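J.: I have a structure I would like to understand better, so I am pasting it below and will then ask my questions one at a time.
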Amino acid sequence: MNSFEFKNFYILTIQVILAFLLSSLIIILLGASPLDVFKNIFNGAFGRPEKIVKTLLIFLPISLASLALIITFSTGLWNIGIEGQIVLGAIGATVIAKSFLGDTALSPLYQLIFGVSFGSLWGLLCGFLKVKFNVHEIFGGLGLYFVGSGAIIYLILGPWSKEGIASTSGTDIFNKASWFPTFSDLNIPALPILIVSVILILSIVFLGFTKTGLKLKATGTNPDSTEKFQFNSGVYIFIAFAIAGGIAGLAGVFQASVFHHKLVPSISGGYGFLSILIVLASGKRIIPTMLLALFFSAMIAGGSQLQLRLNLHSSLISIILSSVVFFWLVVNSEVLKTKLNKLFLKDS
Amino acid sequence: MPFETSFITVISLSAPIVLVVLGETINEKSGVINLSIEGTLLITALTAFAISVTTGSPFIGFICAGLIGSIVGLIIILCDTKLRMDQIAVGFILTIFLGKLSSFLGQDYVRIPGPYFQKVSIPFLKDIPYIGPSLFDQNAIVLFSFIMIPICWYMIEKTRWGLIVKAVGENPISAENRGIDPEKVRIISTVIGGFLIGLGGAAFSLHSKFGWSENHTGNYGWICLAIVIFGGWNPIRASLGAYFFGIFQILALKLQSYALGLTQVLPLIPFPLMILTLVFIQRFNKSDNVTKLPKILNLFFGGQEPGNIGRPLTKK
């Protein structure tokens, strides 16, 4: 048993190295030095305490979006509409921040409730289209995402436009009472950290140790089996979308009230799509997902350094991230894994 | 007269989208979803512009963009058939990768002038009202996009090749039992479809949205995916969908001065329409429901999804 685990670890190491070597090749082809790039990113992400806080602020929504996606992927659903659920969560938060509740001390609480419900509703809508009308969740999700981004642009230019002149740069900054409370000079977002930790633990318990979680996974692995065990897979698709949408909505609340302190057209920051990359690579396992989410956040936070220090376009970060994930999936595909096994573990 | 100008503009503006939806329709007919369109359009638009600036020949740029589109298609289908990777996952990753790659590689080409296709005026034909000026007095890309519509329709609906592609998209196992190699069919259709998508990308940067800027074709890829579904996997209806979308774009431009924000919101119309189409297709196209759907609605919202779409081939 022990040697078996060792073998797995051995192959895993080779796979990770291969994926990074192949991605480094892309960096070299684009005319940059992988070593310089990674050194600068690391400095940019962890070099000073303020930078660590910035990385953390990026990690919060990304880890939430990834957890949301683990739940839908486990149910066998391609929740590409997650961007839309983040957007709706942010809209939910702004509804409160812009209302008379926006300057009361309880504003963050109401924002959480509204953001989570809005996101959840958008997820449910996608689930409803899937279960009732058999609309594939990719297209339903994409459609709803763009409806959401239409709504956000309308709101920013219309009812919530800046005082004086409407502009796509976003709404006015929220009232201070609507910001989430932080502590120390570094503005550490204690409450969001606590919320993410709770959701992380709940997700582990939910997927690993509850009957509902088990049935979700059964729906994902083998939809036909659900009939044999006499439960309605449609119900579990609803549950998965409701939970995932709610968690994604929470990410949207954080984006609006913790990060930007206002509503901007690109409120999701593309984090929903990046989180899909994370979960594709981590294979739906929670702990690897969190580690990868941290890696992604550090890359994004550190990426701002590249332009300043190395004069490299910031798009390089997403190029590296997507190529790492792509090559990881290639070396982790059944076909190549078998070949790697044969190549490196001949004697055992 | 203003109506005629608008008509001409719609036909001309929609040329790239027509090419892309034709390409993706061919892909999806064979059962392959090329989800990478959003990224493919960006990289091929850049390729076409950069190469035509470098070589001075827009034609070479146009063809190279098609080749890049084919290569992207080939990557997706090879990952699917040879490595058993999920085609949707690969397409999704490529969307992000290629999109950002275009931002990175395109930095030197932002808002610079470049060579463009000359107008091709065909005598006599160009004097036909409406159709003449919009097709026969434009550059070759517009004419090409228009000619490709009946060609694609004929290839899919009337030839043996089209029948084989559809058979593979519907049920690869029974196709294989009849001596067809589904893998080969899917590879060929994805490469051809990818070529058309690449040409569509080129048509943006060499024609309808001339030049290059970061995120130059932003969101058009997703819109094209929506239009393919709106088109019910029929090349003619998909093209009509593309023109329909062109009308929305013109409307958005014209109404810009009246209502701020409409410019950004109107181009998103295809998405709710896509959802509606899918709802209609699934609701009314079950065999017992066919008769209940009014014919006129069926014309616009009917259609049959390829049975094996998005699924990998399973070896016997």
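Identifiers in the structure tokens: chain A, B, ... in order shown; residue index from 1 per chain; ligand index from 1 in order shown.
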Pull out every residue of chain A that has at least one atom within 8 Å of chain B, counting only C-alpha atoms, and report them as JSON, numbers by chain.
T.: {"A": [129, 133, 134, 135, 139, 140, 142, 143, 144, 146, 147, 150, 151, 153, 154, 157, 158, 277, 280, 313, 314, 315, 316, 318, 319, 322, 323, 325, 326, 329, 330, 333, 334, 335, 336]}
J.: Generate a file of the selected residues that holds N, CA, C and O atoms, formatted as a short mmCIF file (atom, residue, chain, number, x, y, z; two decimals), in the first residue's frame.
T.:
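And here's selection-v1.cif as it stands now:
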data_model
loop_
_atom_site.label_atom_id
_atom_site.label_comp_id
_atom_site.auth_asym_id
_atom_site.auth_seq_id
_atom_site.Cartn_x
_atom_site.Cartn_y
_atom_site.Cartn_z
N LEU A 129 -33.91 25.82 -16.27
CA LEU A 129 -33.88 25.63 -17.73
C LEU A 129 -33.38 24.24 -18.07
O LEU A 129 -33.83 23.60 -19.00
N PHE A 133 -36.58 22.27 -19.10
CA PHE A 133 -36.60 22.43 -20.56
C PHE A 133 -35.45 21.74 -21.26
O PHE A 133 -35.28 21.88 -22.46
N ASN A 134 -34.62 21.06 -20.47
CA ASN A 134 -33.52 20.32 -21.08
C ASN A 134 -32.54 21.23 -21.82
O ASN A 134 -31.91 20.82 -22.78
N VAL A 135 -32.44 22.50 -21.40
CA VAL A 135 -31.48 23.42 -22.02
C VAL A 135 -30.12 23.16 -21.41
O VAL A 135 -29.96 23.22 -20.19
N PHE A 139 -25.11 26.60 -22.36
CA PHE A 139 -25.74 27.66 -23.14
C PHE A 139 -26.70 28.48 -22.28
O PHE A 139 -26.76 29.70 -22.38
N GLY A 140 -27.44 27.79 -21.40
CA GLY A 140 -28.29 28.51 -20.46
C GLY A 140 -27.44 29.45 -19.61
O GLY A 140 -27.78 30.63 -19.43
N LEU A 142 -24.36 30.66 -20.19
CA LEU A 142 -23.78 31.76 -20.98
C LEU A 142 -24.83 32.83 -21.23
O LEU A 142 -24.57 34.02 -21.07
N GLY A 143 -26.02 32.37 -21.62
CA GLY A 143 -27.10 33.32 -21.90
C GLY A 143 -27.40 34.18 -20.68
O GLY A 143 -27.45 35.40 -20.76
N LEU A 144 -27.53 33.51 -19.53
CA LEU A 144 -27.86 34.25 -18.31
C LEU A 144 -26.71 35.18 -17.91
O LEU A 144 -26.93 36.26 -17.37
N PHE A 146 -24.74 36.80 -19.93
CA PHE A 146 -24.78 38.03 -20.73
C PHE A 146 -26.01 38.87 -20.41
O PHE A 146 -25.96 40.10 -20.50
N VAL A 147 -27.10 38.22 -20.02
CA VAL A 147 -28.25 39.00 -19.54
C VAL A 147 -27.82 39.78 -18.29
O VAL A 147 -28.09 40.97 -18.15
N GLY A 150 -25.64 42.62 -19.27
CA GLY A 150 -26.47 43.70 -19.82
C GLY A 150 -27.10 44.51 -18.69
O GLY A 150 -27.09 45.73 -18.69
N ALA A 151 -27.59 43.78 -17.68
CA ALA A 151 -28.25 44.44 -16.55
C ALA A 151 -27.26 45.35 -15.81
O ALA A 151 -27.59 46.49 -15.46
N ILE A 153 -24.56 46.83 -16.89
CA ILE A 153 -24.22 48.03 -17.66
C ILE A 153 -25.38 49.02 -17.62
O ILE A 153 -25.19 50.22 -17.40
N TYR A 154 -26.60 48.46 -17.77
CA TYR A 154 -27.77 49.33 -17.70
C TYR A 154 -27.83 50.06 -16.36
O TYR A 154 -28.03 51.26 -16.28
N LEU A 157 -25.07 52.75 -15.99
CA LEU A 157 -25.27 53.96 -16.81
C LEU A 157 -26.61 54.64 -16.50
O LEU A 157 -26.79 55.82 -16.76
N GLY A 158 -27.54 53.86 -15.94
CA GLY A 158 -28.87 54.40 -15.70
C GLY A 158 -29.11 54.75 -14.24
O GLY A 158 -28.58 55.73 -13.72
N LEU A 277 -10.89 27.02 -14.70
CA LEU A 277 -9.57 26.43 -14.98
C LEU A 277 -9.05 25.70 -13.74
O LEU A 277 -8.52 24.59 -13.83
N LEU A 280 -10.94 22.45 -13.15
CA LEU A 280 -10.59 21.47 -14.19
C LEU A 280 -9.28 20.79 -13.83
O LEU A 280 -9.11 19.59 -13.98
N HIS A 313 3.37 42.59 -20.90
CA HIS A 313 1.92 42.83 -20.84
C HIS A 313 1.28 41.92 -19.78
O HIS A 313 1.67 40.77 -19.63
N SER A 314 0.30 42.47 -19.04
CA SER A 314 -0.28 41.72 -17.93
C SER A 314 -1.04 40.47 -18.39
O SER A 314 -1.32 39.58 -17.59
N SER A 315 -1.37 40.41 -19.70
CA SER A 315 -2.08 39.23 -20.19
C SER A 315 -1.22 37.97 -20.06
O SER A 315 -1.75 36.86 -20.12
N LEU A 316 0.09 38.17 -19.86
CA LEU A 316 0.99 37.00 -19.74
C LEU A 316 0.54 36.08 -18.61
O LEU A 316 0.67 34.86 -18.71
N SER A 318 -2.53 35.29 -17.49
CA SER A 318 -3.57 34.33 -17.89
C SER A 318 -3.03 33.34 -18.92
O SER A 318 -3.50 32.20 -18.97
N ILE A 319 -2.08 33.79 -19.74
CA ILE A 319 -1.48 32.86 -20.71
C ILE A 319 -0.78 31.74 -19.94
O ILE A 319 -0.96 30.55 -20.24
N SER A 322 -3.45 29.48 -18.08
CA SER A 322 -4.22 28.57 -18.93
C SER A 322 -3.31 27.50 -19.54
O SER A 322 -3.74 26.36 -19.70
N SER A 323 -2.04 27.86 -19.84
CA SER A 323 -1.19 26.82 -20.43
C SER A 323 -0.78 25.79 -19.38
O SER A 323 -0.69 24.61 -19.68
N VAL A 325 -2.63 24.79 -16.92
CA VAL A 325 -3.79 23.91 -16.77
C VAL A 325 -3.93 22.98 -17.97
O VAL A 325 -4.17 21.78 -17.83
N PHE A 326 -3.73 23.54 -19.17
CA PHE A 326 -3.85 22.73 -20.38
C PHE A 326 -2.84 21.58 -20.36
O PHE A 326 -3.21 20.41 -20.53
N LEU A 329 -3.63 18.93 -17.85
CA LEU A 329 -4.68 18.01 -18.28
C LEU A 329 -4.15 17.03 -19.33
O LEU A 329 -4.55 15.87 -19.36
N VAL A 330 -3.22 17.51 -20.16
CA VAL A 330 -2.64 16.61 -21.16
C VAL A 330 -1.84 15.51 -20.47
O VAL A 330 -2.06 14.33 -20.72
N SER A 333 -4.05 13.06 -18.65
CA SER A 333 -5.06 12.27 -19.35
C SER A 333 -4.72 10.79 -19.21
O SER A 333 -3.55 10.42 -19.13
N GLU A 334 -5.76 9.98 -19.18
CA GLU A 334 -5.57 8.54 -18.96
C GLU A 334 -4.50 7.96 -19.88
O GLU A 334 -3.63 7.20 -19.47
N VAL A 335 -4.57 8.39 -21.15
CA VAL A 335 -3.67 7.82 -22.16
C VAL A 335 -2.21 8.10 -21.80
O VAL A 335 -1.37 7.19 -21.76
N LEU A 336 -1.89 9.37 -21.51
CA LEU A 336 -0.51 9.72 -21.23
C LEU A 336 -0.07 9.21 -19.85
O LEU A 336 1.09 8.88 -19.65
#
J.: Find the residues around range 309-312 of chain B up to 10 Å (only C-alpha atoms counted), leave out those fewer than 5 positions away in its own chain, and share them as JSON, numbers by chain.
T.: {"B": [27, 28, 29, 30, 31, 32, 33, 34, 35, 77, 80, 81, 84, 85, 86, 87, 88, 168, 169, 170, 171, 172, 183]}
J.: Fewer than 5 positions away in the same chain doesn't count, so skip those; otherwise give me all residues within 12 Å of Ala175 in chain B, counting only C-alpha atoms, as a CSV table (one decimal) with all heavy atoms, in the first residue's frame.
T.:
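The resulting file, out-v4.csv, is shown below:
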chain,number,residue,atom,x,y,z
B,30,SER,N,-21.1,17.4,-36.8
B,30,SER,CA,-20.4,16.2,-36.6
B,30,SER,C,-20.3,15.8,-35.2
B,30,SER,O,-19.6,14.8,-34.8
B,30,SER,CB,-19.0,16.3,-37.2
B,30,SER,OG,-18.1,17.1,-36.4
B,163,LEU,N,-24.2,13.7,-45.3
B,163,LEU,CA,-24.9,12.7,-44.7
B,163,LEU,C,-24.1,11.9,-43.7
B,163,LEU,O,-24.5,11.6,-42.6
B,163,LEU,CB,-25.4,11.7,-45.8
B,163,LEU,CG,-26.6,10.8,-45.3
B,163,LEU,CD1,-27.8,11.6,-45.1
B,163,LEU,CD2,-26.8,9.7,-46.4
B,164,ILE,N,-22.8,11.7,-44.1
B,164,ILE,CA,-21.9,11.0,-43.2
B,164,ILE,C,-21.6,11.8,-42.0
B,164,ILE,O,-21.6,11.3,-40.8
B,164,ILE,CB,-20.5,10.7,-44.0
B,164,ILE,CG1,-20.8,9.6,-45.0
B,164,ILE,CG2,-19.5,10.2,-43.0
B,164,ILE,CD1,-19.6,9.3,-45.9
B,165,VAL,N,-21.4,13.1,-42.2
B,165,VAL,CA,-21.1,14.0,-41.0
B,165,VAL,C,-22.3,14.0,-40.1
B,165,VAL,O,-22.1,13.9,-38.8
B,165,VAL,CB,-20.8,15.5,-41.5
B,165,VAL,CG1,-20.9,16.4,-40.4
B,165,VAL,CG2,-19.5,15.5,-42.2
B,166,LYS,N,-23.5,14.1,-40.6
B,166,LYS,CA,-24.7,14.1,-39.7
B,166,LYS,C,-24.8,12.8,-39.0
B,166,LYS,O,-25.2,12.7,-37.8
B,166,LYS,CB,-25.9,14.4,-40.5
B,166,LYS,CG,-26.1,15.9,-40.8
B,166,LYS,CD,-27.4,16.2,-41.4
B,166,LYS,CE,-27.5,15.8,-42.8
B,166,LYS,NZ,-28.8,16.2,-43.5
B,167,ALA,N,-24.5,11.7,-39.7
B,167,ALA,CA,-24.6,10.3,-39.1
B,167,ALA,C,-23.7,10.2,-37.9
B,167,ALA,O,-24.0,9.7,-36.8
B,167,ALA,CB,-24.3,9.3,-40.1
B,168,VAL,N,-22.4,10.7,-38.1
B,168,VAL,CA,-21.5,10.7,-37.0
B,168,VAL,C,-21.9,11.6,-35.8
B,168,VAL,O,-21.8,11.2,-34.7
B,168,VAL,CB,-20.1,11.1,-37.5
B,168,VAL,CG1,-19.1,11.3,-36.3
B,168,VAL,CG2,-19.5,10.1,-38.5
B,169,GLY,N,-22.5,12.7,-36.1
B,169,GLY,CA,-22.9,13.6,-35.1
B,169,GLY,C,-24.1,13.1,-34.3
B,169,GLY,O,-24.3,13.3,-33.2
B,170,GLU,N,-24.9,12.3,-35.1
B,170,GLU,CA,-26.1,11.7,-34.5
B,170,GLU,C,-25.8,10.5,-33.6
B,170,GLU,O,-26.2,10.4,-32.5
B,170,GLU,CB,-27.1,11.4,-35.6
B,170,GLU,CG,-28.6,11.4,-35.2
B,170,GLU,CD,-28.9,12.8,-34.6
B,170,GLU,OE1,-28.7,13.8,-35.3
B,170,GLU,OE2,-29.4,12.8,-33.5
B,180,ILE,N,-18.2,3.5,-41.5
B,180,ILE,CA,-17.6,4.9,-41.5
B,180,ILE,C,-16.6,5.0,-40.4
B,180,ILE,O,-16.8,4.4,-39.3
B,180,ILE,CB,-18.7,5.9,-41.3
B,180,ILE,CG1,-19.7,5.8,-42.5
B,180,ILE,CG2,-18.2,7.3,-41.2
B,180,ILE,CD1,-21.0,6.6,-42.2
B,181,ASP,N,-15.5,5.7,-40.6
B,181,ASP,CA,-14.6,6.0,-39.5
B,181,ASP,C,-14.9,7.3,-38.8
B,181,ASP,O,-14.6,8.4,-39.3
B,181,ASP,CB,-13.1,6.0,-40.0
B,181,ASP,CG,-12.1,6.2,-38.9
B,181,ASP,OD1,-12.5,6.4,-37.8
B,181,ASP,OD2,-10.9,6.2,-39.3
B,182,PRO,N,-15.7,7.2,-37.6
B,182,PRO,CA,-16.1,8.5,-37.0
B,182,PRO,C,-15.0,9.4,-36.7
B,182,PRO,O,-15.2,10.7,-36.8
B,182,PRO,CB,-16.9,8.0,-35.8
B,182,PRO,CG,-16.9,6.6,-35.8
B,182,PRO,CD,-16.0,6.1,-36.8
B,183,GLU,N,-13.9,8.9,-36.2
B,183,GLU,CA,-12.8,9.7,-35.8
B,183,GLU,C,-12.3,10.6,-37.0
B,183,GLU,O,-12.1,11.8,-36.9
B,183,GLU,CB,-11.6,8.8,-35.3
B,183,GLU,CG,-10.7,9.5,-34.4
B,183,GLU,CD,-9.7,8.5,-33.8
B,183,GLU,OE1,-10.1,7.5,-33.2
B,183,GLU,OE2,-8.5,8.7,-34.0
B,184,LYS,N,-12.1,9.9,-38.1
B,184,LYS,CA,-11.7,10.6,-39.3
B,184,LYS,C,-12.7,11.7,-39.7
B,184,LYS,O,-12.3,12.9,-40.0
B,184,LYS,CB,-11.5,9.7,-40.5
B,184,LYS,CG,-10.4,10.1,-41.5
B,184,LYS,CD,-10.1,9.0,-42.4
B,184,LYS,CE,-10.8,9.1,-43.7
B,184,LYS,NZ,-10.7,7.9,-44.6
B,185,VAL,N,-13.9,11.4,-39.7
B,185,VAL,CA,-15.0,12.3,-40.1
B,185,VAL,C,-15.0,13.5,-39.2
B,185,VAL,O,-15.0,14.7,-39.6
B,185,VAL,CB,-16.4,11.6,-40.1
B,185,VAL,CG1,-17.5,12.7,-40.3
B,185,VAL,CG2,-16.4,10.5,-41.1
B,186,ARG,N,-14.8,13.3,-37.9
B,186,ARG,CA,-14.8,14.4,-36.9
B,186,ARG,C,-13.6,15.3,-37.1
B,186,ARG,O,-13.7,16.5,-37.0
B,186,ARG,CB,-14.9,13.9,-35.5
B,186,ARG,CG,-16.3,13.5,-35.1
B,186,ARG,CD,-16.5,13.4,-33.6
B,186,ARG,NE,-17.9,13.2,-33.3
B,186,ARG,CZ,-18.3,13.0,-32.1
B,186,ARG,NH1,-17.5,13.0,-31.0
B,186,ARG,NH2,-19.6,12.9,-31.8
B,308,ASN,N,-25.3,13.3,-30.6
B,308,ASN,CA,-24.1,13.0,-29.9
B,308,ASN,C,-23.3,14.2,-29.6
B,308,ASN,O,-22.1,14.1,-29.4
B,308,ASN,CB,-23.3,11.9,-30.7
B,308,ASN,CG,-22.4,11.2,-29.8
B,308,ASN,OD1,-21.2,11.5,-29.7
B,308,ASN,ND2,-22.9,10.2,-29.1
B,313,LEU,N,-16.1,10.1,-28.6
B,313,LEU,CA,-16.4,8.8,-29.3
B,313,LEU,C,-16.1,7.7,-28.4
B,313,LEU,O,-15.1,7.7,-27.7
B,313,LEU,CB,-15.6,8.7,-30.6
B,313,LEU,CG,-15.8,9.8,-31.6
B,313,LEU,CD1,-14.7,9.8,-32.6
B,313,LEU,CD2,-17.1,9.6,-32.3
B,316,LYS,N,-15.5,0.8,-29.9
B,316,LYS,CA,-16.2,-0.5,-29.8
B,316,LYS,C,-15.4,-1.5,-29.1
B,316,LYS,O,-14.1,-1.5,-29.2
B,316,LYS,CB,-16.5,-1.0,-31.2
B,316,LYS,CG,-17.8,-0.4,-31.7
B,316,LYS,CD,-18.3,-1.3,-32.9
B,316,LYS,CE,-17.4,-1.3,-34.1
B,316,LYS,NZ,-18.0,-2.0,-35.2
J.: Counting only C-alpha atoms, what is within 8 Å of Phe136 in chain B, bar same-chain residues fewer than 2 positions away, as a PyMOL selection string?
T.: chain B and resi 120-122+125-126+131-134+138+143
J.: Could you go through range 117-257 of chain A and tell me which residues DSSP, when run on the backbone, assigns to alpha helix (DSSP H), listing them as JSON, numbers by chain?
T.: {"A": [117, 118, 119, 120, 121, 122, 123, 124, 125, 126, 127, 128, 129, 130, 131, 132, 133, 137, 138, 139, 140, 141, 142, 143, 144, 145, 146, 147, 148, 149, 150, 151, 152, 153, 154, 155, 156, 157, 190, 191, 192, 193, 194, 195, 196, 197, 198, 199, 200, 201, 202, 203, 204, 205, 206, 207, 208, 209, 211, 212, 213, 214, 215, 216, 217, 218, 219, 220, 221, 225, 226, 227, 228, 233, 234, 235, 236, 237, 238, 239, 240, 241, 242, 243, 244, 245, 246, 247, 248, 249, 250, 251, 252, 253]}
J.: Please list as JSON, numbers by chain every residue within 6 Å of range 296-298 of chain A, counting only C-alpha atoms and excluding residues in the same chain fewer than 4 positions away.
T.: {"A": [45, 55, 58, 59, 302]}
